[in-house]
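**Student:** File query.txt follows (compact mmCIF, C-alpha atoms):
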```txt
# COMPACT_ATOMS: atom_id res chain seq x y z
CA MET A 1 106.40 131.52 133.24
CA ILE A 2 109.59 129.43 132.91
CA LEU A 3 110.56 130.47 136.42
CA ALA A 4 107.16 129.41 137.79
CA VAL A 5 107.28 126.05 136.02
CA LEU A 6 110.82 125.31 137.19
CA ALA A 7 109.97 126.35 140.76
CA CYS A 8 106.89 124.12 140.84
CA LEU A 9 108.88 121.17 139.59
CA ARG A 10 111.26 121.16 142.54
CA SER A 11 108.83 118.47 143.66
CA GLU A 12 107.81 115.87 141.08
CA GLN A 13 104.49 116.41 139.32
CA TYR A 14 102.70 115.33 136.18
CA GLY A 15 101.37 117.79 133.63
CA TYR A 16 97.79 118.05 134.81
CA THR A 17 98.63 118.60 138.49
CA LEU A 18 101.33 121.09 137.50
CA ARG A 19 98.80 123.05 135.47
CA LYS A 20 96.33 123.01 138.38
CA THR A 21 99.00 124.07 140.87
CA LEU A 22 99.96 127.00 138.67
CA ALA A 23 96.30 127.96 138.08
CA ASP A 24 95.50 127.77 141.82
CA ARG A 25 98.33 130.23 142.43
CA GLY A 26 97.04 132.65 139.82
CA LEU A 27 99.12 131.63 136.80
CA ASP A 28 96.74 130.04 134.31
CA ILE A 29 98.83 128.56 131.50
CA GLU A 30 97.10 126.96 128.50
CA GLU A 31 97.89 123.31 127.79
CA GLY A 32 99.01 124.25 124.29
CA THR A 33 101.68 126.44 125.88
CA LEU A 34 102.60 124.35 128.91
CA TYR A 35 103.28 120.96 127.30
CA PRO A 36 105.49 122.21 124.46
CA LEU A 37 107.34 124.31 127.09
CA LEU A 38 107.91 121.22 129.26
CA ARG A 39 109.31 119.40 126.24
CA ARG A 40 111.65 122.24 125.40
CA LEU A 41 112.90 122.47 128.97
CA GLU A 42 113.47 118.73 128.99
CA THR A 43 115.37 118.91 125.68
CA GLN A 44 117.54 121.63 127.20
CA GLY A 45 118.33 119.31 130.11
CA LEU A 46 116.54 121.39 132.75
CA LEU A 47 113.88 118.76 133.44
CA LEU A 48 113.76 114.99 133.73
CA SER A 49 110.65 112.96 132.98
CA GLU A 50 109.43 109.40 133.25
CA TRP A 51 106.21 107.52 132.58
CA ARG A 52 104.82 105.89 135.71
CA GLU A 53 101.51 104.49 136.85
CA ALA A 54 99.52 106.66 139.22
CA GLU A 55 95.81 106.48 140.00
CA LYS A 56 95.55 103.41 137.75
CA ARG A 57 96.79 105.28 134.71
CA ASN A 58 100.15 105.95 133.13
CA LYS A 59 101.26 109.51 133.66
CA ARG A 60 104.37 111.39 132.71
CA PHE A 61 106.08 112.82 135.78
CA TYR A 62 108.45 115.78 135.52
CA ARG A 63 111.06 116.97 137.97
CA LEU A 64 113.94 119.40 138.01
CA SER A 65 117.36 118.10 136.93
CA MET A 66 120.64 119.16 138.57
CA LEU A 67 121.18 121.66 135.76
CA GLY A 68 117.58 122.83 136.19
CA GLU A 69 118.20 123.51 139.88
CA GLU A 70 121.28 125.59 139.03
CA ILE A 71 119.42 127.56 136.37
CA LEU A 72 116.46 128.08 138.71
CA GLU A 73 118.74 129.56 141.38
CA LYS A 74 120.26 131.94 138.82
CA LEU A 75 116.85 132.94 137.45
CA LEU A 76 115.51 133.51 140.97
CA ALA A 77 118.46 135.75 141.84
CA GLU A 78 117.91 137.69 138.63
CA TRP A 79 114.19 137.95 139.31
CA LYS A 80 114.77 139.20 142.88
CA ALA A 81 117.20 141.84 141.62
CA ILE A 82 114.69 143.07 139.03
CA ASP A 83 111.90 143.01 141.62
CA ALA A 84 114.00 145.06 144.06
CA SER A 85 114.86 147.62 141.38
CA LEU A 86 111.24 147.95 140.28
CA THR A 87 110.04 148.33 143.86
CA GLU A 88 112.53 151.16 144.37
CA ILE A 89 111.48 152.83 141.12
CA VAL A 90 107.75 152.58 141.92
CA LYS A 91 108.31 153.97 145.43
CA GLY A 92 109.91 156.98 143.80
CA MET B 1 82.63 108.06 118.36
CA PRO B 2 83.64 110.02 121.47
CA PRO B 3 84.73 113.60 120.80
CA LEU B 4 88.07 113.07 122.58
CA ASP B 5 89.01 110.19 120.28
CA ARG B 6 88.05 112.25 117.25
CA TYR B 7 90.10 115.17 118.51
CA LEU B 8 93.19 113.06 119.19
CA SER B 9 92.90 111.33 115.83
CA ASN B 10 92.74 114.67 114.11
CA LEU B 11 95.72 115.92 116.08
CA ALA B 12 97.78 112.76 115.47
CA LYS B 13 97.94 113.48 111.74
CA LEU B 14 99.55 116.85 112.33
CA LEU B 15 102.19 116.06 114.93
CA PRO B 16 105.87 115.45 114.16
CA ALA B 17 106.14 111.68 113.52
CA ASP B 18 109.06 111.10 115.90
CA GLN B 19 107.19 112.52 118.90
CA ARG B 20 103.62 111.65 117.92
CA GLU B 21 102.96 108.72 120.26
CA ASP B 22 104.51 110.43 123.24
CA ILE B 23 102.65 113.71 122.78
CA LEU B 24 99.33 111.94 122.20
CA ARG B 25 99.72 109.80 125.31
CA GLU B 26 100.44 112.85 127.41
CA LEU B 27 97.67 115.04 125.98
CA SER B 28 95.18 112.19 126.15
CA GLU B 29 96.06 111.70 129.81
CA ASP B 30 95.74 115.41 130.51
CA ILE B 31 92.33 115.70 128.85
CA ARG B 32 91.03 112.56 130.56
CA SER B 33 92.17 113.93 133.94
CA GLU B 34 90.32 117.18 133.27
CA ILE B 35 87.17 115.31 132.22
CA GLU B 36 87.34 113.12 135.34
CA ASP B 37 87.83 116.16 137.58
CA LYS B 38 84.81 117.83 136.05
CA GLU B 39 82.74 114.66 136.39
CA SER B 40 83.58 114.22 140.08
CA GLU B 41 82.76 117.90 140.61
CA LEU B 42 79.34 117.51 138.95
CA GLY B 43 78.72 113.97 140.26
CA ARG B 44 77.75 112.70 136.79
CA PRO B 45 79.37 111.83 133.44
CA LEU B 46 79.92 114.76 131.10
CA THR B 47 77.62 115.10 128.13
CA GLU B 48 79.09 115.13 124.64
CA ALA B 49 78.47 118.90 124.43
CA GLU B 50 80.40 119.44 127.68
CA GLN B 51 83.29 117.32 126.43
CA LEU B 52 83.29 119.29 123.18
CA GLU B 53 83.44 122.50 125.19
CA ILE B 54 86.60 121.29 126.97
CA LEU B 55 88.20 120.35 123.63
CA LYS B 56 87.14 123.61 122.02
CA ARG B 57 88.82 125.57 124.82
CA ARG B 58 92.07 123.73 124.11
CA GLY B 59 92.10 125.05 120.54
CA ASN B 60 91.78 123.34 117.18
CA PRO B 61 94.24 120.53 116.40
CA LEU B 62 96.22 122.71 113.99
CA GLN B 63 96.88 125.29 116.71
CA VAL B 64 97.80 122.62 119.24
CA ALA B 65 100.09 120.79 116.79
CA ALA B 66 101.75 124.09 115.89
CA GLY B 67 103.06 124.29 119.46
CA TYR B 68 105.04 121.09 118.91
CA THR B 69 106.18 121.89 115.38
CA PRO B 70 109.40 123.84 114.79
CA ASN B 71 108.16 127.17 113.45
CA GLN B 72 109.32 127.59 109.85
CA GLY B 73 106.96 130.48 109.15
CA THR B 74 103.31 131.21 108.55
CA PHE B 75 101.26 133.05 105.93
CA ALA B 76 98.96 135.70 107.33
CA PHE B 77 96.93 138.50 105.83
CA GLY B 78 95.25 139.83 108.94
CA PRO B 79 94.15 136.45 110.28
CA GLN B 80 96.50 133.49 109.79
CA ILE B 81 95.81 131.82 106.44
CA ILE B 82 98.43 129.07 106.44
CA GLY B 83 99.74 127.94 109.83
CA PRO B 84 103.19 126.67 110.79
CA VAL B 85 102.23 123.01 110.26
CA LEU B 86 101.32 123.37 106.59
CA PHE B 87 103.66 126.24 105.78
CA PRO B 88 106.78 124.16 104.93
CA PHE B 89 104.71 122.11 102.45
CA TYR B 90 103.17 125.26 101.00
CA VAL B 91 106.67 126.60 100.34
CA ARG B 92 107.76 123.27 98.84
CA VAL B 93 104.80 123.08 96.43
CA LEU B 94 105.09 126.73 95.48
CA THR B 95 108.82 126.42 94.81
CA PHE B 96 108.30 123.34 92.65
CA ASN B 97 105.45 124.88 90.64
CA LEU B 98 107.19 128.22 90.15
CA GLY B 99 110.49 126.53 89.26
CA LEU B 100 108.79 124.41 86.61
CA THR B 101 106.84 127.34 85.19
CA PHE B 102 109.85 129.64 85.03
CA LEU B 103 111.82 126.86 83.35
CA ILE B 104 109.18 126.69 80.61
CA VAL B 105 109.03 130.50 80.27
CA GLY B 106 112.85 130.59 80.15
CA ALA B 107 112.97 127.86 77.50
CA VAL B 108 110.40 129.66 75.34
CA PHE B 109 112.26 132.96 75.49
CA ALA B 110 115.59 131.20 74.86
CA ALA B 111 114.13 129.53 71.77
CA LEU B 112 112.77 132.87 70.55
CA SER B 113 116.13 134.47 71.08
CA LEU B 114 117.90 131.67 69.18
CA ALA B 115 115.43 132.12 66.35
CA GLY B 116 116.55 135.73 66.04
CA GLN B 117 113.35 137.15 67.45
CA PRO B 118 113.99 140.36 69.44
CA ILE B 119 113.25 139.85 73.15
CA HIS B 120 111.82 142.79 75.04
CA PHE B 121 112.38 143.01 78.75
CA GLY B 122 108.76 144.13 79.20
CA ASP B 123 107.45 140.91 77.60
CA LEU B 124 109.67 138.73 79.74
CA PHE B 125 108.76 140.67 82.88
CA SER B 126 105.00 140.55 82.22
CA SER B 127 105.15 136.78 81.56
CA VAL B 128 107.04 136.15 84.78
CA VAL B 129 104.73 138.38 86.84
CA LEU B 130 101.63 136.76 85.34
CA GLN B 131 102.90 133.25 86.12
CA LEU B 132 103.90 134.33 89.61
CA PHE B 133 100.44 135.74 90.25
CA ILE B 134 98.59 132.67 88.91
CA GLN B 135 100.69 130.12 90.77
CA LEU B 136 100.77 132.08 94.02
CA THR B 137 97.00 132.58 93.99
CA ALA B 138 96.14 128.99 93.06
CA VAL B 139 98.52 127.34 95.55
CA THR B 140 97.63 129.75 98.36
CA VAL B 141 93.87 129.29 97.89
CA ILE B 142 94.21 125.48 97.86
CA PHE B 143 96.42 125.45 100.97
CA ALA B 144 94.13 127.91 102.78
CA LEU B 145 91.19 125.56 102.09
CA VAL B 146 93.20 122.56 103.34
CA GLU B 147 94.11 124.51 106.50
CA LYS B 148 90.48 125.44 107.06
CA HIS B 149 89.34 121.87 106.47
CA LEU B 150 91.92 120.42 108.87
CA SER B 151 90.88 122.90 111.54
CA ARG B 152 87.23 122.00 111.37
CA GLN B 153 86.65 118.58 109.88
CA PRO B 154 86.85 115.65 112.28
CA HIS B 155 87.91 112.32 110.82
CA ASP B 156 86.31 108.94 111.46
CA TRP B 157 88.23 107.11 114.08
CA SER B 158 87.77 104.41 116.73
CA LYS B 159 89.54 104.12 120.06
CA GLU B 160 90.29 100.41 119.49
CA ASP B 161 91.92 101.03 116.12
CA PHE B 162 93.85 103.94 117.55
CA GLU B 163 95.26 101.86 120.43
CA LYS B 164 96.01 98.99 118.03
CA ASN B 165 97.82 101.34 115.63
CA LEU B 166 99.66 103.01 118.49
CA LYS B 167 100.89 99.66 119.79
CA ALA B 168 101.81 98.59 116.26
CA ALA B 169 103.71 101.84 115.77
CA ILE B 170 105.61 101.39 119.05
CA GLN B 171 106.33 97.76 118.16
CA SER B 172 107.56 98.78 114.71
CA ARG B 173 109.92 101.30 116.34
CA ILE B 174 111.43 98.50 118.39
CA GLU B 175 111.66 96.20 115.38
CA LYS B 176 113.16 98.92 113.25
CA LYS B 177 116.50 98.26 114.93
CA ILE B 178 116.61 94.77 113.46
CA GLN B 179 114.66 95.10 110.26
CA THR B 180 113.68 97.63 107.65
CA GLY B 181 110.03 97.53 106.68
CA PRO B 182 108.07 99.83 104.39
CA LYS B 183 107.25 103.18 105.93
CA GLU B 184 103.73 104.56 105.82
CA VAL B 185 103.06 106.98 103.01
CA SER B 186 103.66 110.47 104.41
CA ARG B 187 100.36 112.35 104.63
CA PHE B 188 102.03 115.66 104.01
CA ASP B 189 103.83 114.33 100.94
CA SER B 190 100.49 113.06 99.65
CA MET B 191 98.97 116.45 100.38
CA ALA B 192 101.79 118.16 98.51
CA VAL B 193 101.24 115.81 95.52
CA LEU B 194 97.51 116.50 95.65
CA VAL B 195 97.94 120.27 95.64
CA ALA B 196 100.68 120.27 92.98
CA SER B 197 98.63 117.98 90.72
CA SER B 198 95.50 120.08 91.18
CA VAL B 199 97.41 123.20 90.21
CA ALA B 200 98.92 121.33 87.23
CA LEU B 201 95.42 120.28 86.15
CA LEU B 202 94.11 123.85 86.36
CA TRP B 203 97.14 125.06 84.45
CA MET B 204 96.67 122.44 81.72
CA GLN B 205 93.03 123.43 81.35
CA SER B 206 94.00 127.09 81.14
CA ILE B 207 96.75 126.75 78.53
CA TRP B 208 94.34 124.99 76.25
CA THR B 209 92.24 128.11 75.93
CA ASN B 210 95.06 130.59 76.41
CA GLN B 211 98.46 129.54 75.07
CA TYR B 212 99.91 132.83 76.28
CA LEU B 213 100.27 131.07 79.64
CA ILE B 214 102.91 128.76 78.21
CA PHE B 215 104.42 130.73 75.35
CA GLY B 216 104.08 134.25 76.72
CA PRO B 217 104.14 136.88 73.96
CA ALA B 218 105.41 134.17 71.57
CA ALA B 219 101.83 132.83 71.53
CA LEU B 220 101.21 135.38 68.74
CA LEU B 221 103.75 133.53 66.61
CA ILE B 222 103.61 129.84 67.57
CA ALA B 223 101.00 127.39 68.83
CA LEU B 224 100.94 123.81 70.14
CA ALA B 225 101.05 121.15 67.40
CA PRO B 226 98.25 118.55 66.99
CA ILE B 227 100.34 115.90 68.82
CA TRP B 228 99.51 117.71 72.09
CA HIS B 229 95.80 117.24 71.34
CA ALA B 230 96.47 113.51 71.07
CA VAL B 231 98.24 113.28 74.43
CA TYR B 232 96.05 115.81 76.27
CA LEU B 233 93.31 113.48 77.50
CA PRO B 234 95.70 110.68 78.59
CA THR B 235 97.76 113.30 80.46
CA VAL B 236 94.66 114.68 82.20
CA PHE B 237 93.72 111.12 83.10
CA ILE B 238 97.18 110.51 84.62
CA VAL B 239 96.92 113.70 86.67
CA LEU B 240 93.41 112.77 87.86
CA VAL B 241 94.59 109.30 88.91
CA THR B 242 97.55 110.92 90.69
CA ILE B 243 95.12 113.16 92.60
CA ALA B 244 92.93 110.17 93.48
CA ARG B 245 96.01 108.19 94.57
CA ALA B 246 97.16 111.03 96.83
CA ALA B 247 93.65 111.39 98.32
CA VAL B 248 93.55 107.65 99.11
CA SER B 249 97.05 107.86 100.64
CA ILE B 250 95.93 110.72 102.89
CA ALA B 251 93.01 108.62 104.15
CA ARG B 252 94.98 105.34 104.29
CA PRO B 253 98.72 105.98 104.61
CA ASP B 254 99.16 102.32 105.58
CA TRP B 255 98.16 101.21 102.04
CA VAL B 256 101.77 101.32 100.92
CA LEU B 257 101.39 98.65 98.23
CA PHE B 258 98.42 100.49 96.75
CA ARG B 259 100.61 103.61 96.41
CA ASP B 260 103.42 101.53 94.90
CA VAL B 261 101.26 99.70 92.35
CA VAL B 262 99.46 102.86 91.22
CA SER B 263 102.79 104.71 90.97
CA VAL B 264 104.23 102.01 88.70
CA ILE B 265 101.14 102.12 86.47
CA LEU B 266 101.28 105.93 86.32
CA ASP B 267 105.01 105.89 85.54
CA ALA B 268 104.43 103.38 82.73
CA ALA B 269 101.64 105.57 81.33
CA SER B 270 103.90 108.65 81.54
CA LEU B 271 106.62 106.78 79.66
CA ALA B 272 104.10 105.86 76.96
CA ILE B 273 103.16 109.53 76.57
CA VAL B 274 106.81 110.61 76.38
CA TYR B 275 107.41 107.83 73.83
CA THR B 276 104.50 109.14 71.72
CA LEU B 277 105.88 112.67 71.92
CA MET B 278 109.39 111.55 71.05
CA PHE B 279 108.38 110.49 67.53
CA ALA B 280 106.09 113.39 66.81
CA HIS B 281 108.76 115.46 64.91
CA THR B 282 106.60 118.58 65.17
CA TRP B 283 105.71 120.01 68.56
CA VAL B 284 104.91 123.61 67.73
CA VAL B 285 103.41 125.13 64.58
CA PRO B 286 103.08 128.72 63.40
CA ALA B 287 100.08 130.46 64.93
CA ALA B 288 97.07 130.93 62.65
CA THR B 289 97.39 134.70 62.56
CA ALA B 290 101.18 134.74 62.74
CA ALA B 291 103.66 137.02 61.08
CA SER B 292 105.88 135.83 58.21
CA ASN B 293 108.86 134.82 60.38
CA SER B 294 106.76 132.53 62.60
CA GLN B 295 107.58 129.51 60.37
CA HIS B 296 111.26 130.07 61.07
CA ILE B 297 110.66 130.45 64.82
CA ALA B 298 108.55 127.28 64.93
CA SER B 299 111.27 125.30 63.13
CA VAL B 300 113.95 126.54 65.60
CA VAL B 301 111.76 125.58 68.57
CA ASN B 302 111.14 122.18 66.96
CA GLN B 303 114.91 121.67 66.59
CA TRP B 304 115.37 122.15 70.32
CA PHE B 305 112.37 120.15 71.45
CA PRO B 306 113.93 116.65 71.05
CA TYR B 307 116.50 117.53 73.73
CA ALA B 308 113.74 118.44 76.19
CA ILE B 309 111.80 115.28 75.28
CA PHE B 310 114.96 113.18 75.67
CA ALA B 311 115.62 114.67 79.13
CA SER B 312 111.96 114.03 80.09
CA ALA B 313 112.27 110.44 78.88
CA ILE B 314 115.35 109.84 81.06
CA ILE B 315 113.63 111.38 84.11
CA ALA B 316 110.48 109.31 83.48
CA LEU B 317 112.56 106.13 83.02
CA VAL B 318 114.55 106.69 86.23
CA GLN B 319 111.32 107.38 88.10
CA ALA B 320 109.71 104.21 86.72
CA ILE B 321 112.74 102.10 87.73
CA LYS B 322 112.70 103.62 91.24
CA SER B 323 108.98 102.89 91.58
CA LEU B 324 109.49 99.31 90.41
CA ILE B 325 112.31 98.71 92.91
CA ARG B 326 110.20 100.21 95.71
CA LEU B 327 107.23 98.04 94.76
CA TYR B 328 109.42 94.91 94.67
CA LYS B 329 110.96 95.63 98.10
CA ASN B 330 107.64 96.45 99.77
CA TRP B 331 105.89 93.52 98.15
CA ARG B 332 108.60 91.14 99.44
CA TRP B 333 108.34 92.65 102.90
CA HIS B 334 104.55 92.28 102.97
CA ARG B 335 104.78 88.73 101.70
CA SER B 336 107.19 87.51 104.36
CA PRO B 337 108.44 90.22 106.73
CA GLN B 338 110.15 87.68 109.01
CA ASP B 339 112.30 86.24 106.20
CA LEU B 340 113.96 89.61 105.70
CA THR B 341 115.03 89.83 109.33
CA ARG B 342 117.05 86.63 109.11
```
Represent the structure contained in this file as structure tokens.

**Tutor:**
Amino acid sequence: MILAVLACLRSEQYGYTLRKTLADRGLDIEEGTLYPLLRRLETQGLLLSEWREAEKRNKRFYRLSMLGEEILEKLLAEWKAIDASLTEIVKG
Amino acid sequence: MPPLDRYLSNLAKLLPADQREDILRELSEDIRSEIEDKESELGRPLTEAEQLEILKRRGNPLQVAAGYTPNQGTFAFGPQIIGPVLFPFYVRVLTFNLGLTFLIVGAVFAALSLAGQPIHFGDLFSSVVLQLFIQLTAVTVIFALVEKHLSRQPHDWSKEDFEKNLKAAIQSRIEKKIQTGPKEVSRFDSMAVLVASSVALLWMQSIWTNQYLIFGPAALLIALAPIWHAVYLPTVFIVLVTIARAAVSIARPDWVLFRDVVSVILDAASLAIVYTLMFAHTWVVPAATAASNSQHIASVVNQWFPYAIFASAIIALVQAIKSLIRLYKNWRWHRSPQDLTR
């Protein structure tokens, strides 16, 4: 889930569009899970956020920080390694 | 009142104060976006039932707030009885009540021991277990009811007031750097006072009919002296006013002066009760059906009682002075907040 959120936020998005993007791609995350997660990731320095007007309303936009990009690369590498191992195991 | 406003108002009371405005703005924006999406999909405004359905799917405010609250534990027996939002206050109230009760039990057994009465471990153990059971049950039931109520009961709220309060809160944050004004009364503190006082009231009612609850096995030998009959009703009245004060503070945390004035009055009344007790000379008497040595035990307990009363008097006096200072500061701030910033 963290990997998906970080990957989606390589391009700036606000919470609602992020949730829709994830849901459209088959990862339906509840708001009660997503927003606290975004806050935690921001506190850890992986995300940056700012309030800005869009569609006549103030929205909080999130994007990946430099540290977030580094962590995302590491997590992706780890994920690919696990995926490769599992694929081998399943193939038998 | 629109369901969304009611929902956010309910949620606001449960969120950590330092992040409240930010979280509410974001969640409000998210829910409004979802409602708008649904409306453009249907080509008509959503009915109240449809809006409620969206809010229901998001979970009750306690569950949502729990996501933003550092988890310090929960109480569950199958289903969750006390969630992470209320749990820290549950522990605080329980610790206070148990501490006070065990102090009394300890004092009674110490007095018995000093009077030469043999102390049996079984008596001490049964007293402690009984108190533990009573306090744990009473506090848990009250907190479980509060949790249930907060999950279900919407509070009256208007969008205009909410926006006004939100702006005022943001403004006060900015001003806080240059001035110190009175803080709102903490809702959770008021809730803790309400629960602790309710338990105290139940306990007071119970000891009247069953003095075993305060004296343990020593209730066969000693009983409360008539002075306690004299101060019983005023004490009950003080506890009832404390409960009413806490209930008002939960509904209107911005009524800081109300809290301060009532606290000063209650502290003065408590001092008057302690003063009455101080000159009573006799606080316990031999029980009606007591053994021959009960007179001796009662006199030993009465010798020690003035120290406890003196300590209570000092605590009550310090509390009264603190309340007076708080009232004076907040009253000055309300009278002319700008003067204090100069």

**Student:** Using only C-alpha atoms and a distance of at most 9 Å, pull out the residues of chain A that contact chain B, as a PyMOL selection string.

**Tutor:** chain A and resi 14-16+30-33+35-37+39+57-60

**Student:** Please write out, as lines of an AutoDock Vina configuration file, where the centre of an axis-aligned box around all listed atoms of segment 53-59 of chain B lies and how long its edges are, in Å to one decimal, after adding 6 Å on each side.

**Tutor:**
```
center_x = 87.8
center_y = 123.0
center_z = 123.8
size_x = 20.7
size_y = 17.2
size_z = 18.4
```

**Student:** Excluding same-chain residues fewer than 2 positions from Leu67 of chain A, what lies within 9 Å of it counting only C-alpha atoms, as a PyMOL selection string?

**Tutor:** chain A and resi 45-47+64-65+69-72

**Student:** Give me, please, the distance in Å between atom CA of Ala316 of chain B and atom CA of Val93 of chain B, quoted to one decimal.

**Tutor:**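 That distance, rounded to one decimal, is 19.7 Å.
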
**Student:** Take atom CA of Pro226 of chain B and atom CA of Ile214 of chain B and report the distance between them in Å, one decimal.

**Tutor:**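 Atom CA of Ile214 of chain B lies at a distance of 15.9 Å from atom CA of Pro226 of chain B.
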
**Student:** With only C-alpha atoms as the counted atoms, please give the residues lying no more than 10 Å from Leu34 of chain A, apart from itself and same-chain residues fewer than 6 positions off, as a ChimeraX atom specification.

**Tutor:** /A:1-2,5,15-16,18-19,28,40 /B:67

**Student:** Give me, please, the distance in Å between atom CA of Lys322 of chain B and atom CA of Asp18 of chain B, quoted to one decimal.

**Tutor:** 26.0 Å

**Student:** Please work out which residues fall within 12 Å of (99.3, 103.1, 99.5), coordinates as given in the file, with only C-alpha atoms counting, and return them as a PyMOL selection string.

**Tutor:** chain B and resi 182-187+190+242+244-264+326-327+330-331
